[in-house]
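J.: What follows is a structure written as structure tokens; I'll ask about it next.
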Amino acid sequence: MTFAKAVPQTSTFYTIGHSTRTLDELLAALRAHSIATLADIRSFPMSRRLPHFNRESLEKTLPAAGIQYLWMKELGGRRNAIRDDSPHIALRNASFRNYADYMLTAEFQNAAAELIRLAEQSPTAYMCAERVYFHCHRMLVSDWLTAHGHEVLHIDGAGPMKPHKLLPEARVVDGELIYRGDLLL
């Protein structure tokens, strides 16, 4: 008896930033792309200026609109430095470098595995506050997913989505995403 080698299943992910949208605008964008699950990857899911994007509000309004809402604190940004020897020397922004260091932890990788599980069950978008994905940690999460063989599409509204492309400095080294650029490892 022979067994076929297991091929890792890849998923498609969608990203969106709430920015200064109204709740109706966010719902319209999610519906236009048939999103069934919204994973909130903000560390602090609240907005003083836009309370309709507070976690407590989204936990009620999204399910009422037929969209599952899940806060994934473990994927949240705003990470403190956790190492003095960061291998991510191509990332000049300390916040991005701190998050990239965090992506090397079991906590992040377990949370990413949960996000992958969600996307295998239904069309899933992950959301943070910034409308433009490359202004926040959503870019790094997108890089990690893309480097691990998944497709990531960025939603801005009801129009066409933008496929994610890895940052040119990103390298997969021993299964880990490292931002080193063209430097030899």
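Letters A, B, ... mark the chains of the structure tokens in the order given; residue numbers begin at 1 per chain; ligand numbers begin at 1, in order shown.
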Excluding region 19-31 of chain A and its own-chain neighbours fewer than 5 positions away, which residues fall within 7 Å of it when counting only C-alpha atoms? Please give them as a ChimeraX atom specification.
T.: /A:52,129-131,157-158
J.: Would you mind listing what lies within 12 Å of Ala111 (chain A) as a VMD selection string, with only C-alpha atoms counted and same-chain residues fewer than 4 positions away left out?
T.: chain A and resid 39 41 71 to 76 102 to 107 115 to 118 141 145
J.: Would you mind exporting C-alpha atoms of the selected residues as a PDB file, in the first residue's frame?
T.:
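Saved to part_36.pdb:
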ATOM      1  CA  ALA A  39     -10.864  38.542  12.891  1.00  0.00           C
ATOM      2  CA  ILE A  41      -6.193  41.812  15.188  1.00  0.00           C
ATOM      3  CA  TRP A  71     -11.034  39.339  18.609  1.00  0.00           C
ATOM      4  CA  MET A  72      -7.595  37.757  18.210  1.00  0.00           C
ATOM      5  CA  LYS A  73      -5.533  39.619  20.800  1.00  0.00           C
ATOM      6  CA  GLU A  74      -2.573  37.295  20.200  1.00  0.00           C
ATOM      7  CA  LEU A  75      -2.192  38.776  16.692  1.00  0.00           C
ATOM      8  CA  GLY A  76      -2.378  42.354  17.928  1.00  0.00           C
ATOM      9  CA  TYR A 102       7.084  38.418  17.965  1.00  0.00           C
ATOM     10  CA  MET A 103       6.183  36.462  14.811  1.00  0.00           C
ATOM     11  CA  LEU A 104       9.014  34.060  15.707  1.00  0.00           C
ATOM     12  CA  THR A 105       7.258  33.050  18.947  1.00  0.00           C
ATOM     13  CA  ALA A 106       5.027  30.073  19.576  1.00  0.00           C
ATOM     14  CA  GLU A 107       2.273  32.441  20.763  1.00  0.00           C
ATOM     15  CA  LEU A 115      -6.508  32.214  11.822  1.00  0.00           C
ATOM     16  CA  ILE A 116      -5.691  29.632   9.152  1.00  0.00           C
ATOM     17  CA  ARG A 117      -8.260  27.259  10.664  1.00  0.00           C
ATOM     18  CA  LEU A 118     -10.891  30.016  10.475  1.00  0.00           C
ATOM     19  CA  VAL A 141       0.906  39.241   9.145  1.00  0.00           C
ATOM     20  CA  LEU A 145       0.823  34.113   5.545  1.00  0.00           C
TER      21      LEU A 145
END
J.: So which residues of region 102-152 of chain A fall under helix (DSSP H, G or I) by DSSP, listed as a VMD selection string?
T.: chain A and resid 102 106 to 121 133 to 135 138 to 147
J.: For those residues, write C-alpha atoms to a file as an mmCIF file, in the first residue's frame.
T.:
data_model
loop_
_atom_site.group_PDB
_atom_site.id
_atom_site.type_symbol
_atom_site.label_atom_id
_atom_site.label_comp_id
_atom_site.auth_asym_id
_atom_site.auth_seq_id
_atom_site.Cartn_x
_atom_site.Cartn_y
_atom_site.Cartn_z
ATOM 1 C CA TYR A 102 7.084 38.418 17.965
ATOM 2 C CA ALA A 106 5.027 30.073 19.576
ATOM 3 C CA GLU A 107 2.273 32.441 20.763
ATOM 4 C CA PHE A 108 2.116 34.153 17.367
ATOM 5 C CA GLN A 109 2.401 30.921 15.417
ATOM 6 C CA ASN A 110 -0.407 29.306 17.425
ATOM 7 C CA ALA A 111 -2.608 32.348 16.792
ATOM 8 C CA ALA A 112 -1.721 32.277 13.075
ATOM 9 C CA ALA A 113 -2.679 28.582 12.999
ATOM 10 C CA GLU A 114 -6.061 29.527 14.497
ATOM 11 C CA LEU A 115 -6.508 32.214 11.822
ATOM 12 C CA ILE A 116 -5.691 29.632 9.152
ATOM 13 C CA ARG A 117 -8.260 27.259 10.664
ATOM 14 C CA LEU A 118 -10.891 30.016 10.475
ATOM 15 C CA ALA A 119 -10.084 30.691 6.810
ATOM 16 C CA GLU A 120 -10.403 26.995 6.018
ATOM 17 C CA GLN A 121 -13.982 27.130 7.347
ATOM 18 C CA TYR A 133 -2.193 47.875 5.122
ATOM 19 C CA PHE A 134 1.465 48.863 4.770
ATOM 20 C CA HIS A 135 1.095 51.415 7.560
ATOM 21 C CA ARG A 138 -1.281 43.850 8.986
ATOM 22 C CA MET A 139 1.494 44.021 6.382
ATOM 23 C CA LEU A 140 3.721 41.708 8.451
ATOM 24 C CA VAL A 141 0.906 39.241 9.145
ATOM 25 C CA SER A 142 0.208 39.272 5.408
ATOM 26 C CA ASP A 143 3.890 38.622 4.687
ATOM 27 C CA TRP A 144 3.913 35.683 7.116
ATOM 28 C CA LEU A 145 0.823 34.113 5.545
ATOM 29 C CA THR A 146 2.118 34.677 2.015
ATOM 30 C CA ALA A 147 5.541 33.235 2.894
#
J.: With only C-alpha atoms as the atoms that count, which of A:Arg83, A:Val132, A:Pro163, A:Leu177 lies nearest to His148 (chain A)?
T.: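 Of A:Arg83, A:Val132, A:Pro163, A:Leu177, the one nearest His148 (chain A) is A:Leu177, counting only C-alpha atoms.
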J.: Measuring between only C-alpha atoms, which one of A:Ser11, A:Gln68, A:Ser95, A:Asn54 shows the shortest distance to Thr37 (chain A)?
T.: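 Checking each of A:Ser11, A:Gln68, A:Ser95, A:Asn54 against Thr37 (chain A), counting only C-alpha atoms, the winner is A:Gln68.
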J.: Have a look at A:Asp84, A:Ser47, A:Glu176, A:Asp40 and name the one nearest to Glu59 (chain A); count only C-alpha atoms.
T.: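 Smallest distance to Glu59 (chain A) is found for A:Asp40.
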J.: What is the distance between CA of Ile82 (chain A) and CA of Val152 (chain A), in Å to one decimal?
T.: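 Straight-line distance from CA of Ile82 (chain A) to CA of Val152 (chain A) works out to 27.3 Å.
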J.: Quote the spacing between CA of Thr124 (chain A) and CA of Leu166 (chain A) in Å to one decimal place.
T.: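 Here the two named atoms are 19.8 Å from each other.
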J.: Grab the CA of Thr10 (chain A) to CA of Glu151 (chain A) distance for me, in Å with one decimal place.
T.: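 Between these atoms lies a distance of 7.5 Å.
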J.: Please return, as a ChimeraX atom specification, all residues of chain A that DSSP assigns to strand (DSSP E or B) on the basis of the backbone.
T.: /A:12-17,37-40,68-71,124-128,151-154,162-163,170-173,176-179
J.: Measuring between only C-alpha atoms, which one of A:Arg78, A:Pro123, A:Asp174, A:Leu167 shows the shortest distance to Ala90 (chain A)?
T.: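 Looking only at the distances to Ala90 (chain A), the closest residue turns out to be A:Leu167.
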J.: Pick out the residues sitting within 10 Å of Tyr179 (chain A), and hand them over as an mmCIF file with C-alpha atoms, in the first residue's frame; count only C-alpha atoms, and ignore anything fewer than 2 positions along from it in its own chain.
T.:
data_model
loop_
_atom_site.group_PDB
_atom_site.id
_atom_site.type_symbol
_atom_site.label_atom_id
_atom_site.label_comp_id
_atom_site.auth_asym_id
_atom_site.auth_seq_id
_atom_site.Cartn_x
_atom_site.Cartn_y
_atom_site.Cartn_z
ATOM 1 C CA SER A 86 16.685 40.888 16.326
ATOM 2 C CA PRO A 87 17.457 39.129 13.039
ATOM 3 C CA HIS A 88 15.158 41.590 11.221
ATOM 4 C CA ILE A 89 17.886 44.086 10.379
ATOM 5 C CA ALA A 90 16.149 45.238 7.182
ATOM 6 C CA LEU A 91 13.210 46.670 9.171
ATOM 7 C CA ARG A 97 10.931 44.982 13.982
ATOM 8 C CA ALA A 100 8.560 40.620 13.352
ATOM 9 C CA ASP A 101 10.439 39.328 16.424
ATOM 10 C CA LEU A 167 8.356 42.845 1.158
ATOM 11 C CA PRO A 168 11.528 42.534 -0.940
ATOM 12 C CA GLU A 169 13.617 42.183 2.252
ATOM 13 C CA ALA A 170 11.674 39.114 3.432
ATOM 14 C CA ARG A 171 13.403 35.724 3.397
ATOM 15 C CA VAL A 172 12.250 32.344 4.677
ATOM 16 C CA VAL A 173 15.101 30.873 6.715
ATOM 17 C CA GLU A 176 10.865 31.350 9.689
ATOM 18 C CA LEU A 177 10.170 34.700 8.031
ATOM 19 C CA GLY A 181 17.306 41.693 2.520
ATOM 20 C CA ASP A 182 20.152 40.502 0.331
ATOM 21 C CA LEU A 183 22.571 39.940 3.204
#
